[in-house]
file entry-v6.cif (mmCIF, C-alpha atoms)
data_start
loop_
_atom_site.group_PDB
_atom_site.id
_atom_site.type_symbol
_atom_site.label_atom_id
_atom_site.label_comp_id
_atom_site.auth_asym_id
_atom_site.auth_seq_id
_atom_site.Cartn_x
_atom_site.Cartn_y
_atom_site.Cartn_z
ATOM 1 C CA MET A 153 45.467 -55.469 28.777
ATOM 2 C CA ILE A 154 42.992 -52.898 27.556
ATOM 3 C CA ALA A 155 39.524 -53.909 26.406
ATOM 4 C CA ARG A 156 37.845 -51.447 24.050
ATOM 5 C CA VAL A 157 34.080 -51.825 24.102
ATOM 6 C CA HIS A 158 31.669 -50.154 21.692
ATOM 7 C CA VAL A 159 28.049 -50.116 22.821
ATOM 8 C CA THR A 160 25.514 -49.210 20.147
ATOM 9 C CA LEU A 161 21.747 -49.151 19.844
ATOM 10 C CA LYS A 162 20.306 -52.173 18.064
ATOM 11 C CA GLN A 163 19.061 -51.675 14.534
ATOM 12 C CA GLY A 164 15.461 -50.615 14.635
ATOM 13 C CA VAL A 165 15.647 -48.902 18.020
ATOM 14 C CA LEU A 166 14.750 -45.232 17.744
ATOM 15 C CA ASP A 167 17.782 -42.958 18.173
ATOM 16 C CA PRO A 168 16.513 -39.388 18.606
ATOM 17 C CA GLN A 169 19.946 -38.228 19.762
ATOM 18 C CA GLY A 170 21.451 -39.487 16.508
ATOM 19 C CA LYS A 171 18.772 -37.632 14.568
ATOM 20 C CA ALA A 172 19.476 -34.435 16.506
ATOM 21 C CA ILE A 173 23.183 -34.771 15.720
ATOM 22 C CA ALA A 174 22.443 -35.298 12.028
ATOM 23 C CA ASN A 175 20.304 -32.157 12.021
ATOM 24 C CA SER A 176 23.081 -30.169 13.688
ATOM 25 C CA LEU A 177 25.563 -31.378 11.077
ATOM 26 C CA LYS A 178 23.177 -30.234 8.362
ATOM 27 C CA SER A 179 22.867 -26.829 10.032
ATOM 28 C CA LEU A 180 26.645 -26.621 10.046
ATOM 29 C CA GLY A 181 26.555 -26.984 6.271
ATOM 30 C CA PHE A 182 27.537 -30.622 5.848
ATOM 31 C CA SER A 183 25.411 -31.925 2.993
ATOM 32 C CA GLY A 184 25.021 -35.570 2.200
ATOM 33 C CA VAL A 185 24.770 -36.800 5.795
ATOM 34 C CA SER A 186 22.044 -39.378 5.460
ATOM 35 C CA GLY A 187 22.004 -40.579 9.045
ATOM 36 C CA VAL A 188 23.771 -40.594 12.393
ATOM 37 C CA ARG A 189 23.559 -43.151 15.173
ATOM 38 C CA GLN A 190 25.466 -42.573 18.378
ATOM 39 C CA GLY A 191 26.850 -45.028 20.906
ATOM 40 C CA LYS A 192 29.318 -45.334 23.744
ATOM 41 C CA TYR A 193 32.987 -46.195 23.875
ATOM 42 C CA ILE A 194 34.234 -47.751 27.124
ATOM 43 C CA GLU A 195 37.847 -48.673 27.910
ATOM 44 C CA VAL A 196 38.438 -51.288 30.591
ATOM 45 C CA GLU A 197 41.962 -51.810 31.948
ATOM 46 C CA LEU A 198 42.465 -55.418 33.008
ATOM 47 C CA ALA A 199 45.199 -57.156 34.975
ATOM 48 C CA GLU A 200 44.377 -60.388 33.088
ATOM 49 C CA THR A 201 47.018 -61.314 30.494
ATOM 50 C CA ASP A 202 45.311 -64.273 28.837
ATOM 51 C CA VAL A 203 43.291 -63.037 25.850
ATOM 52 C CA GLU A 204 40.527 -65.624 26.052
ATOM 53 C CA ALA A 205 40.059 -65.176 29.784
ATOM 54 C CA ALA A 206 39.961 -61.416 29.273
ATOM 55 C CA ARG A 207 37.407 -61.690 26.478
ATOM 56 C CA THR A 208 35.163 -63.910 28.608
ATOM 57 C CA ALA A 209 35.386 -61.515 31.538
ATOM 58 C CA VAL A 210 34.633 -58.449 29.420
ATOM 59 C CA ARG A 211 31.743 -60.186 27.678
ATOM 60 C CA ASP A 212 30.303 -60.906 31.120
ATOM 61 C CA MET A 213 30.809 -57.234 32.060
ATOM 62 C CA CYS A 214 28.908 -56.206 28.932
ATOM 63 C CA GLU A 215 26.036 -58.605 29.567
ATOM 64 C CA ARG A 216 25.693 -57.586 33.208
ATOM 65 C CA LEU A 217 26.423 -53.851 33.194
ATOM 66 C CA LEU A 218 28.083 -52.109 30.286
ATOM 67 C CA ALA A 219 25.276 -52.743 27.795
ATOM 68 C CA ASN A 220 21.532 -53.079 28.188
ATOM 69 C CA THR A 221 21.024 -55.995 25.851
ATOM 70 C CA VAL A 222 17.319 -55.228 25.480
ATOM 71 C CA ILE A 223 18.249 -52.333 23.197
ATOM 72 C CA GLU A 224 22.034 -52.365 22.826
ATOM 73 C CA ASP A 225 24.681 -54.437 21.036
ATOM 74 C CA TYR A 226 28.352 -54.470 21.958
ATOM 75 C CA THR A 227 31.698 -55.277 20.348
ATOM 76 C CA ILE A 228 34.927 -56.012 22.209
ATOM 77 C CA GLU A 229 38.490 -55.406 21.031
ATOM 78 C CA LEU A 230 41.414 -56.506 23.159
ATOM 79 C CA ASP A 231 44.766 -54.728 23.112
ATOM 80 C CA GLY A 232 48.006 -55.952 24.578
ATOM 81 C CA MET B 439 1.910 -51.946 57.096
ATOM 82 C CA LYS B 440 5.682 -51.941 57.316
ATOM 83 C CA ALA B 441 7.581 -50.238 54.505
ATOM 84 C CA ALA B 442 11.151 -49.462 53.501
ATOM 85 C CA VAL B 443 12.500 -46.901 51.037
ATOM 86 C CA ILE B 444 15.879 -47.649 49.441
ATOM 87 C CA VAL B 445 18.171 -44.620 49.183
ATOM 88 C CA PHE B 446 20.962 -44.497 46.573
ATOM 89 C CA PRO B 447 23.618 -41.847 46.109
ATOM 90 C CA GLY B 448 21.728 -39.373 43.924
ATOM 91 C CA SER B 449 18.187 -40.361 44.926
ATOM 92 C CA ASN B 450 16.166 -37.208 45.541
ATOM 93 C CA CYS B 451 12.540 -38.311 45.861
ATOM 94 C CA ASP B 452 13.132 -40.606 48.801
ATOM 95 C CA ARG B 453 12.062 -38.003 51.348
ATOM 96 C CA ASP B 454 8.958 -37.028 49.358
ATOM 97 C CA VAL B 455 7.856 -40.652 49.274
ATOM 98 C CA LYS B 456 8.650 -40.960 52.994
ATOM 99 C CA VAL B 457 6.281 -38.044 53.685
ATOM 100 C CA ALA B 458 3.543 -39.497 51.453
ATOM 101 C CA LEU B 459 3.866 -42.923 53.075
ATOM 102 C CA ALA B 460 4.000 -41.522 56.629
ATOM 103 C CA GLN B 461 0.825 -39.577 55.921
ATOM 104 C CA SER B 462 -1.042 -42.760 55.009
ATOM 105 C CA MET B 463 0.706 -45.189 57.350
ATOM 106 C CA GLY B 464 0.644 -42.943 60.424
ATOM 107 C CA THR B 465 4.297 -43.725 60.950
ATOM 108 C CA PRO B 466 7.356 -43.155 58.770
ATOM 109 C CA PRO B 467 8.866 -45.944 56.663
ATOM 110 C CA LEU B 468 12.366 -47.298 57.200
ATOM 111 C CA MET B 469 15.017 -45.570 55.057
ATOM 112 C CA VAL B 470 17.536 -48.146 53.821
ATOM 113 C CA TRP B 471 20.948 -47.124 52.431
ATOM 114 C CA HIS B 472 21.779 -48.935 49.174
ATOM 115 C CA ARG B 473 24.684 -50.834 50.716
ATOM 116 C CA GLU B 474 22.433 -52.597 53.255
ATOM 117 C CA SER B 475 21.112 -56.034 52.381
ATOM 118 C CA ASP B 476 20.198 -56.826 55.949
ATOM 119 C CA PHE B 477 17.121 -54.673 56.625
ATOM 120 C CA PRO B 478 14.035 -55.853 58.575
ATOM 121 C CA SER B 479 11.105 -57.664 56.982
ATOM 122 C CA VAL B 480 8.604 -55.258 55.442
ATOM 123 C CA ASP B 481 5.382 -55.515 53.411
ATOM 124 C CA LEU B 482 6.480 -52.933 50.858
ATOM 125 C CA ILE B 483 9.832 -51.833 49.437
ATOM 126 C CA VAL B 484 9.876 -48.525 47.559
ATOM 127 C CA VAL B 485 12.586 -47.716 45.025
ATOM 128 C CA PRO B 486 12.350 -43.921 44.774
ATOM 129 C CA GLY B 487 12.910 -41.338 42.075
ATOM 130 C CA GLY B 488 15.949 -39.174 41.472
ATOM 131 C CA PHE B 489 19.283 -39.533 39.710
ATOM 132 C CA SER B 490 20.986 -42.499 41.362
ATOM 133 C CA TYR B 491 24.658 -42.492 40.359
ATOM 134 C CA GLY B 492 23.911 -39.380 38.328
ATOM 135 C CA ASP B 493 22.268 -41.597 35.667
ATOM 136 C CA TYR B 494 25.870 -42.446 34.691
ATOM 137 C CA LEU B 495 26.194 -45.186 32.017
ATOM 138 C CA ARG B 496 22.389 -45.600 31.901
ATOM 139 C CA ALA B 497 19.698 -44.431 34.291
ATOM 140 C CA GLY B 498 19.382 -47.024 37.058
ATOM 141 C CA ALA B 499 22.122 -49.297 35.693
ATOM 142 C CA MET B 500 24.469 -49.106 38.642
ATOM 143 C CA ALA B 501 21.829 -48.828 41.361
ATOM 144 C CA ALA B 502 20.377 -52.089 40.016
ATOM 145 C CA ASN B 503 23.544 -53.854 41.154
ATOM 146 C CA SER B 504 23.524 -52.631 44.761
ATOM 147 C CA PRO B 505 23.244 -55.004 47.739
ATOM 148 C CA ALA B 506 19.880 -53.468 48.664
ATOM 149 C CA MET B 507 18.523 -54.244 45.187
ATOM 150 C CA ALA B 508 19.867 -57.820 45.303
ATOM 151 C CA GLU B 509 17.962 -58.279 48.568
ATOM 152 C CA THR B 510 14.881 -56.549 47.105
ATOM 153 C CA SER B 511 15.002 -58.973 44.200
ATOM 154 C CA ARG B 512 15.152 -61.980 46.547
ATOM 155 C CA ARG B 513 12.191 -60.657 48.536
ATOM 156 C CA ALA B 514 10.213 -59.852 45.389
ATOM 157 C CA ASP B 515 10.607 -63.508 44.391
ATOM 158 C CA ARG B 516 8.961 -64.398 47.700
ATOM 159 C CA GLY B 517 6.026 -62.077 47.015
ATOM 160 C CA VAL B 518 6.992 -58.904 48.896
ATOM 161 C CA ALA B 519 5.472 -55.826 47.217
ATOM 162 C CA VAL B 520 7.925 -53.544 45.423
ATOM 163 C CA LEU B 521 7.006 -50.089 44.064
ATOM 164 C CA GLY B 522 9.451 -48.322 41.728
ATOM 165 C CA ILE B 523 8.802 -44.652 40.953
ATOM 166 C CA CYS B 524 10.558 -42.934 38.042
ATOM 167 C CA ASN B 525 14.272 -43.711 38.607
ATOM 168 C CA GLY B 526 12.887 -46.597 40.676
ATOM 169 C CA PHE B 527 11.106 -47.953 37.575
ATOM 170 C CA GLN B 528 14.353 -47.590 35.616
ATOM 171 C CA ILE B 529 16.222 -49.476 38.368
ATOM 172 C CA LEU B 530 13.632 -52.286 38.437
ATOM 173 C CA ALA B 531 13.895 -52.642 34.642
ATOM 174 C CA GLU B 532 17.710 -52.709 34.760
ATOM 175 C CA ALA B 533 17.566 -55.242 37.608
ATOM 176 C CA GLY B 534 15.263 -57.470 35.581
ATOM 177 C CA LEU B 535 12.401 -57.306 38.080
ATOM 178 C CA LEU B 536 10.306 -55.803 35.292
ATOM 179 C CA PRO B 537 10.653 -56.384 31.530
ATOM 180 C CA GLY B 538 11.692 -53.745 29.033
ATOM 181 C CA VAL B 539 13.696 -50.556 29.273
ATOM 182 C CA LEU B 540 13.083 -46.826 29.749
ATOM 183 C CA MET B 541 14.815 -44.977 26.924
ATOM 184 C CA ARG B 542 15.504 -41.275 26.268
ATOM 185 C CA ASN B 543 12.240 -39.391 25.717
ATOM 186 C CA ALA B 544 11.412 -39.344 22.011
ATOM 187 C CA GLY B 545 11.336 -35.532 22.031
ATOM 188 C CA LEU B 546 14.768 -35.485 23.727
ATOM 189 C CA THR B 547 13.812 -32.947 26.378
ATOM 190 C CA PHE B 548 13.421 -33.409 30.118
ATOM 191 C CA ILE B 549 9.685 -33.069 30.774
ATOM 192 C CA CYS B 550 8.461 -31.694 34.052
ATOM 193 C CA ARG B 551 4.689 -31.203 34.101
ATOM 194 C CA ASP B 552 1.379 -32.790 35.066
ATOM 195 C CA VAL B 553 0.010 -35.519 32.822
ATOM 196 C CA HIS B 554 -3.218 -37.461 32.849
ATOM 197 C CA LEU B 555 -3.288 -41.189 33.322
ATOM 198 C CA ARG B 556 -6.035 -43.673 32.679
ATOM 199 C CA VAL B 557 -6.223 -46.419 35.294
ATOM 200 C CA GLU B 558 -6.108 -49.703 33.382
ATOM 201 C CA ARG B 559 -6.267 -52.038 36.397
ATOM 202 C CA SER B 560 -7.697 -51.600 39.838
ATOM 203 C CA LEU B 561 -5.460 -54.118 41.492
ATOM 204 C CA ALA B 562 -4.343 -54.739 45.070
ATOM 205 C CA PRO B 563 -2.003 -53.865 46.595
ATOM 206 C CA PHE B 564 -1.167 -50.845 44.414
ATOM 207 C CA THR B 565 -4.242 -49.482 42.669
ATOM 208 C CA GLY B 566 -7.055 -50.921 44.763
ATOM 209 C CA ARG B 567 -8.204 -47.412 45.665
ATOM 210 C CA TYR B 568 -8.534 -46.351 42.033
ATOM 211 C CA ARG B 569 -11.353 -47.423 39.716
ATOM 212 C CA GLN B 570 -10.648 -49.026 36.398
ATOM 213 C CA GLY B 571 -11.105 -46.354 33.725
ATOM 214 C CA GLN B 572 -10.587 -43.507 36.202
ATOM 215 C CA VAL B 573 -8.553 -40.576 34.894
ATOM 216 C CA ILE B 574 -6.069 -39.005 37.312
ATOM 217 C CA ARG B 575 -3.610 -36.111 37.149
ATOM 218 C CA ILE B 576 -0.051 -36.803 38.296
ATOM 219 C CA PRO B 577 3.262 -35.006 37.637
ATOM 220 C CA ILE B 578 6.095 -36.454 35.619
ATOM 221 C CA ALA B 579 9.682 -35.261 35.704
ATOM 222 C CA HIS B 580 12.011 -37.277 33.514
ATOM 223 C CA ALA B 581 14.251 -37.388 30.460
ATOM 224 C CA ASP B 582 14.306 -41.179 30.103
ATOM 225 C CA GLY B 583 10.711 -42.340 30.386
ATOM 226 C CA ASN B 584 10.171 -43.822 26.934
ATOM 227 C CA TYR B 585 9.023 -47.391 27.698
ATOM 228 C CA PHE B 586 10.252 -49.914 25.150
ATOM 229 C CA THR B 587 10.241 -53.682 24.870
ATOM 230 C CA ASP B 588 10.215 -56.266 22.082
ATOM 231 C CA GLU B 589 6.981 -57.217 20.293
ATOM 232 C CA ASP B 590 6.551 -60.546 22.074
ATOM 233 C CA THR B 591 6.982 -59.063 25.532
ATOM 234 C CA LEU B 592 4.641 -56.196 24.698
ATOM 235 C CA LYS B 593 1.980 -58.666 23.595
ATOM 236 C CA ARG B 594 2.460 -60.654 26.808
ATOM 237 C CA LEU B 595 2.111 -57.494 28.896
ATOM 238 C CA GLU B 596 -1.032 -56.405 27.092
ATOM 239 C CA ASP B 597 -2.661 -59.846 26.975
ATOM 240 C CA GLY B 598 -1.767 -60.445 30.616
ATOM 241 C CA GLY B 599 -3.276 -57.165 31.815
ATOM 242 C CA GLN B 600 0.086 -56.045 33.155
ATOM 243 C CA VAL B 601 -0.293 -52.442 32.019
ATOM 244 C CA VAL B 602 -1.572 -50.480 35.022
ATOM 245 C CA PHE B 603 -1.572 -46.810 33.896
ATOM 246 C CA ARG B 604 -1.529 -45.273 30.424
ATOM 247 C CA TYR B 605 -0.896 -41.648 29.417
ATOM 248 C CA SER B 606 -4.226 -40.200 28.317
ATOM 249 C CA ASP B 607 -5.993 -36.908 27.732
ATOM 250 C CA THR B 608 -8.262 -35.395 30.368
ATOM 251 C CA GLU B 609 -11.158 -37.540 29.131
ATOM 252 C CA GLY B 610 -9.191 -40.793 29.340
ATOM 253 C CA ASN B 611 -8.551 -41.135 25.611
ATOM 254 C CA VAL B 612 -5.207 -42.801 24.978
ATOM 255 C CA THR B 613 -3.855 -40.688 22.123
ATOM 256 C CA GLY B 614 -0.552 -39.753 20.523
ATOM 257 C CA PRO B 615 -0.591 -36.138 21.751
ATOM 258 C CA ALA B 616 -1.311 -37.393 25.283
ATOM 259 C CA ASN B 617 1.923 -39.410 25.239
ATOM 260 C CA PRO B 618 4.687 -37.178 26.619
ATOM 261 C CA ASN B 619 7.693 -39.410 25.911
ATOM 262 C CA GLY B 620 6.995 -41.901 23.103
ATOM 263 C CA SER B 621 6.330 -44.914 25.349
ATOM 264 C CA LEU B 622 4.925 -47.910 23.500
ATOM 265 C CA ASP B 623 1.152 -48.100 23.829
ATOM 266 C CA ASN B 624 1.283 -44.978 26.065
ATOM 267 C CA ILE B 625 2.503 -47.206 28.899
ATOM 268 C CA ALA B 626 3.137 -45.250 32.109
ATOM 269 C CA ALA B 627 3.195 -48.154 34.582
ATOM 270 C CA ILE B 628 3.415 -51.949 34.486
ATOM 271 C CA VAL B 629 3.332 -54.827 36.975
ATOM 272 C CA ASN B 630 5.192 -58.096 36.779
ATOM 273 C CA GLU B 631 3.290 -61.322 36.083
ATOM 274 C CA ALA B 632 2.879 -62.100 39.779
ATOM 275 C CA GLY B 633 1.439 -58.628 40.345
ATOM 276 C CA ASN B 634 3.665 -57.749 43.303
ATOM 277 C CA VAL B 635 6.193 -55.494 41.545
ATOM 278 C CA LEU B 636 4.993 -52.228 39.986
ATOM 279 C CA GLY B 637 7.038 -49.666 38.101
ATOM 280 C CA MET B 638 5.671 -46.242 37.156
ATOM 281 C CA MET B 639 7.259 -43.155 35.631
ATOM 282 C CA PRO B 640 4.853 -40.562 37.151
ATOM 283 C CA HIS B 641 5.277 -39.378 40.753
ATOM 284 C CA PRO B 642 2.239 -40.128 42.936
ATOM 285 C CA GLU B 643 4.134 -38.887 46.004
ATOM 286 C CA ARG B 644 4.212 -35.382 44.450
ATOM 287 C CA LEU B 645 0.447 -35.025 44.438
ATOM 288 C CA ALA B 646 -0.635 -36.507 47.749
ATOM 289 C CA ASP B 647 -1.240 -33.332 49.748
ATOM 290 C CA PRO B 648 -3.865 -30.621 49.137
ATOM 291 C CA LEU B 649 -1.137 -27.999 49.639
ATOM 292 C CA LEU B 650 0.444 -29.292 46.420
ATOM 293 C CA SER B 651 -2.649 -28.518 44.319
ATOM 294 C CA GLY B 652 -3.956 -32.059 44.169
ATOM 295 C CA THR B 653 -4.269 -35.407 45.855
ATOM 296 C CA ASP B 654 -4.709 -37.888 42.989
ATOM 297 C CA GLY B 655 -1.516 -39.637 44.097
ATOM 298 C CA ARG B 656 -2.685 -40.213 47.638
ATOM 299 C CA ALA B 657 -4.953 -43.145 46.708
ATOM 300 C CA MET B 658 -1.869 -45.176 45.784
ATOM 301 C CA PHE B 659 -0.544 -44.946 49.350
ATOM 302 C CA GLU B 660 -3.995 -45.332 50.920
ATOM 303 C CA GLY B 661 -4.499 -48.440 48.773
ATOM 304 C CA LEU B 662 -1.214 -49.930 49.907
ATOM 305 C CA VAL B 663 -2.043 -49.345 53.582
ATOM 306 C CA GLU B 664 -5.491 -50.853 53.012
ATOM 307 C CA ALA B 665 -3.959 -53.934 51.381
ATOM 308 C CA PHE B 666 -1.465 -54.581 54.157
ATOM 309 C CA GLY B 667 -3.187 -53.169 57.219
#

call {"tool": "encode", "arguments": {"input": "entry-v6.cif", "output": "structure tokens"}}
result
Amino acid sequence: MIARVHVTLKQGVLDPQGKAIANSLKSLGFSGVSGVRQGKYIEVELAETDVEAARTAVRDMCERLLANTVIEDYTIELDG
Amino acid sequence: MKAAVIVFPGSNCDRDVKVALAQSMGTPPLMVWHRESDFPSVDLIVVPGGFSYGDYLRAGAMAANSPAMAETSRRADRGVAVLGICNGFQILAEAGLLPGVLMRNAGLTFICRDVHLRVERSLAPFTGRYRQGQVIRIPIAHADGNYFTDEDTLKRLEDGGQVVFRYSDTEGNVTGPANPNGSLDNIAAIVNEAGNVLGMMPHPERLADPLLSGTDGRAMFEGLVEAFG
């Protein structure tokens, strides 16, 4: 089973990297980009085959390591 | 005083802090590899600066989960003094020994220069040799020093006197331009509620020898030795 985790900054947390990316896009000539926020994509390969057990394990991984829940949110998708 | 410095893969300020401590203690501290949880009793544990685990995932995130940090956390609960410098502060925040998080500097660049700090608390064991209101010059060298926490925690820190150093100008004025990284309230260092765990972004160990153009950092180590004997 593959868990696909997206870790993103919480709304309201300053994202200067996102701003820098938006500015670069503008410099490249893309008009109409009103904002960019960047995050992380993490794939975790699991031996677990039960979806609920996998989700619980990955949620625990997010809470304890993959995301800093002071400033980050996460979403989990399970495949296979 | 007995002291230990935890060393992670990627730490690079462990030897500087060893030199600064040895200078004040008269004897070198114990260097403890991150995999050890079984090191001798000490009065002070230092979590040094550097790039533990290359700052992979988030600065300090993986170091925070090491056996040495689990043991440090247990000892901190029992009142042992813990000093986190730069990456050490990031590790303490990730480990939950201190509230909040150190984010990417607001200006996005890595900043490596001297700053001025106003001493907010003269507080044993860490800042007993500084005077409240004193302005000191200390180097910073970081890309992720932007201290952030939620409103309630910030209020608790401020009301509880847990802010120990703030970025200031040379006169001690806490201003926007004096803030190198966007930290809330110009916070450069905080202690936990019990006052035994301190995290700071600046590097006192880099200005503790006259050969290095200043000694404002030395009083931190002298103060620690004074507190523990």

call {"tool": "atom_distance", "arguments": {"input": "entry-v6.cif", "atom1": "atom CA of A:Asp225", "atom2": "atom CA of A:Thr160"}}
result
5.4 Å

call {"tool": "atom_distance", "arguments": {"input": "entry-v6.cif", "atom1": "atom CA of B:Val457", "atom2": "atom CA of B:Met541"}}
result
28.9 Å

call {"tool": "resolve_selection", "arguments": {"input": "entry-v6.cif", "expression": "the PyMOL selection byres ((chain B) within 7 of (chain A))", "output": "PyMOL selection string"}}
result
chain B and resi 499+538+544+546

call {"tool": "closest_residue", "arguments": {"input": "entry-v6.cif", "among": "A:Ile228, A:Tyr193, A:Ser179, A:Ile154", "to": "A:Asp212", "atoms": "all atoms listed in the file"}}
result
A:Ile228

call {"tool": "resolve_selection", "arguments": {"input": "entry-v6.cif", "expression": "the PyMOL selection byres ((chain B and resi 595-607) around 10)", "output": "PyMOL selection string"}}
result
chain B and resi 537+553-561+564-565+570-575+587+589-594+608-619+621-633+636-640

call {"tool": "closest_residue", "arguments": {"input": "entry-v6.cif", "among": "B:Leu662, B:Leu645, B:Cys550, B:Leu540", "to": "B:Gly620", "atoms": "all atoms listed in the file"}}
result
B:Leu540

call {"tool": "resolve_selection", "arguments": {"input": "entry-v6.cif", "expression": "the PyMOL selection byres ((chain B and resi 520-526) around 8)", "output": "ChimeraX atom specification"}}
result
/B:482-490,497-498,510,514,518-519,527-530,580,583,634-641

call {"tool": "residues_near_point", "arguments": {"input": "entry-v6.cif", "point": "(38.5, -52.3, 36.1)", "cutoff": "12 Å", "atoms": "only C-alpha atoms", "output": "list in words"}}
result
Met153, Ile154, Ala155, Ile194, Glu195, Val196, Glu197, Leu198, Ala199, Glu200, Ala206, Ala209, Val210, Met213 and Leu218 of chain A

call {"tool": "atom_distance", "arguments": {"input": "entry-v6.cif", "atom1": "atom CA of B:Phe446", "atom2": "atom CA of B:Pro577"}}
result
22.0 Å

call {"tool": "closest_residue", "arguments": {"input": "entry-v6.cif", "among": "A:Glu224, A:Glu229, A:Ser176, A:Arg189", "to": "A:Thr208", "atoms": "only C-alpha atoms"}}
result
A:Glu229

call {"tool": "residues_around", "arguments": {"input": "entry-v6.cif", "residues": "A:Gly187", "least_positions_apart": "5", "cutoff": "8 Å", "atoms": "all atoms listed in the file", "output": "ChimeraX atom specification"}}
result
/A:170-171,174

call {"tool": "closest_residue", "arguments": {"input": "entry-v6.cif", "among": "B:Gly652, B:Asn450, B:Asn584, B:Pro505", "to": "B:Arg473", "atoms": "all atoms listed in the file"}}
result
B:Pro505

call {"tool": "residues_near_point", "arguments": {"input": "entry-v6.cif", "point": "(5.8, -50.3, 60.3)", "cutoff": "10 Å", "atoms": "all atoms listed in the file", "output": "PyMOL selection string"}}
result
chain B and resi 439-442+460+463-468+479-482+667

call {"tool": "write_last_selection", "arguments": {"input": "entry-v6.cif", "atoms": "C-alpha atoms", "output": "PDB file, keeping the file's coordinate frame"}}
result
ATOM      1  CA  MET B 439       1.910 -51.946  57.096  1.00  0.00           C
ATOM      2  CA  LYS B 440       5.682 -51.941  57.316  1.00  0.00           C
ATOM      3  CA  ALA B 441       7.581 -50.238  54.505  1.00  0.00           C
ATOM      4  CA  ALA B 442      11.151 -49.462  53.501  1.00  0.00           C
ATOM      5  CA  ALA B 460       4.000 -41.522  56.629  1.00  0.00           C
ATOM      6  CA  MET B 463       0.706 -45.189  57.350  1.00  0.00           C
ATOM      7  CA  GLY B 464       0.644 -42.943  60.424  1.00  0.00           C
ATOM      8  CA  THR B 465       4.297 -43.725  60.950  1.00  0.00           C
ATOM      9  CA  PRO B 466       7.356 -43.155  58.770  1.00  0.00           C
ATOM     10  CA  PRO B 467       8.866 -45.944  56.663  1.00  0.00           C
ATOM     11  CA  LEU B 468      12.366 -47.298  57.200  1.00  0.00           C
ATOM     12  CA  SER B 479      11.105 -57.664  56.982  1.00  0.00           C
ATOM     13  CA  VAL B 480       8.604 -55.258  55.442  1.00  0.00           C
ATOM     14  CA  ASP B 481       5.382 -55.515  53.411  1.00  0.00           C
ATOM     15  CA  LEU B 482       6.480 -52.933  50.858  1.00  0.00           C
ATOM     16  CA  GLY B 667      -3.187 -53.169  57.219  1.00  0.00           C
TER      17      GLY B 667
END

call {"tool": "residues_around", "arguments": {"input": "entry-v6.cif", "residues": "B:Asp647", "least_positions_apart": "5", "cutoff": "9 Å", "atoms": "all atoms listed in the file", "output": "mmCIF file with C-alpha atoms, in the frame of the given file"}}
result
data_model
loop_
_atom_site.group_PDB
_atom_site.id
_atom_site.type_symbol
_atom_site.label_atom_id
_atom_site.label_comp_id
_atom_site.auth_asym_id
_atom_site.auth_seq_id
_atom_site.Cartn_x
_atom_site.Cartn_y
_atom_site.Cartn_z
ATOM 1 C CA ALA B 458 3.543 -39.497 51.453
ATOM 2 C CA GLY B 652 -3.956 -32.059 44.169
ATOM 3 C CA THR B 653 -4.269 -35.407 45.855
ATOM 4 C CA ASP B 654 -4.709 -37.888 42.989
ATOM 5 C CA GLY B 655 -1.516 -39.637 44.097
ATOM 6 C CA ARG B 656 -2.685 -40.213 47.638
#
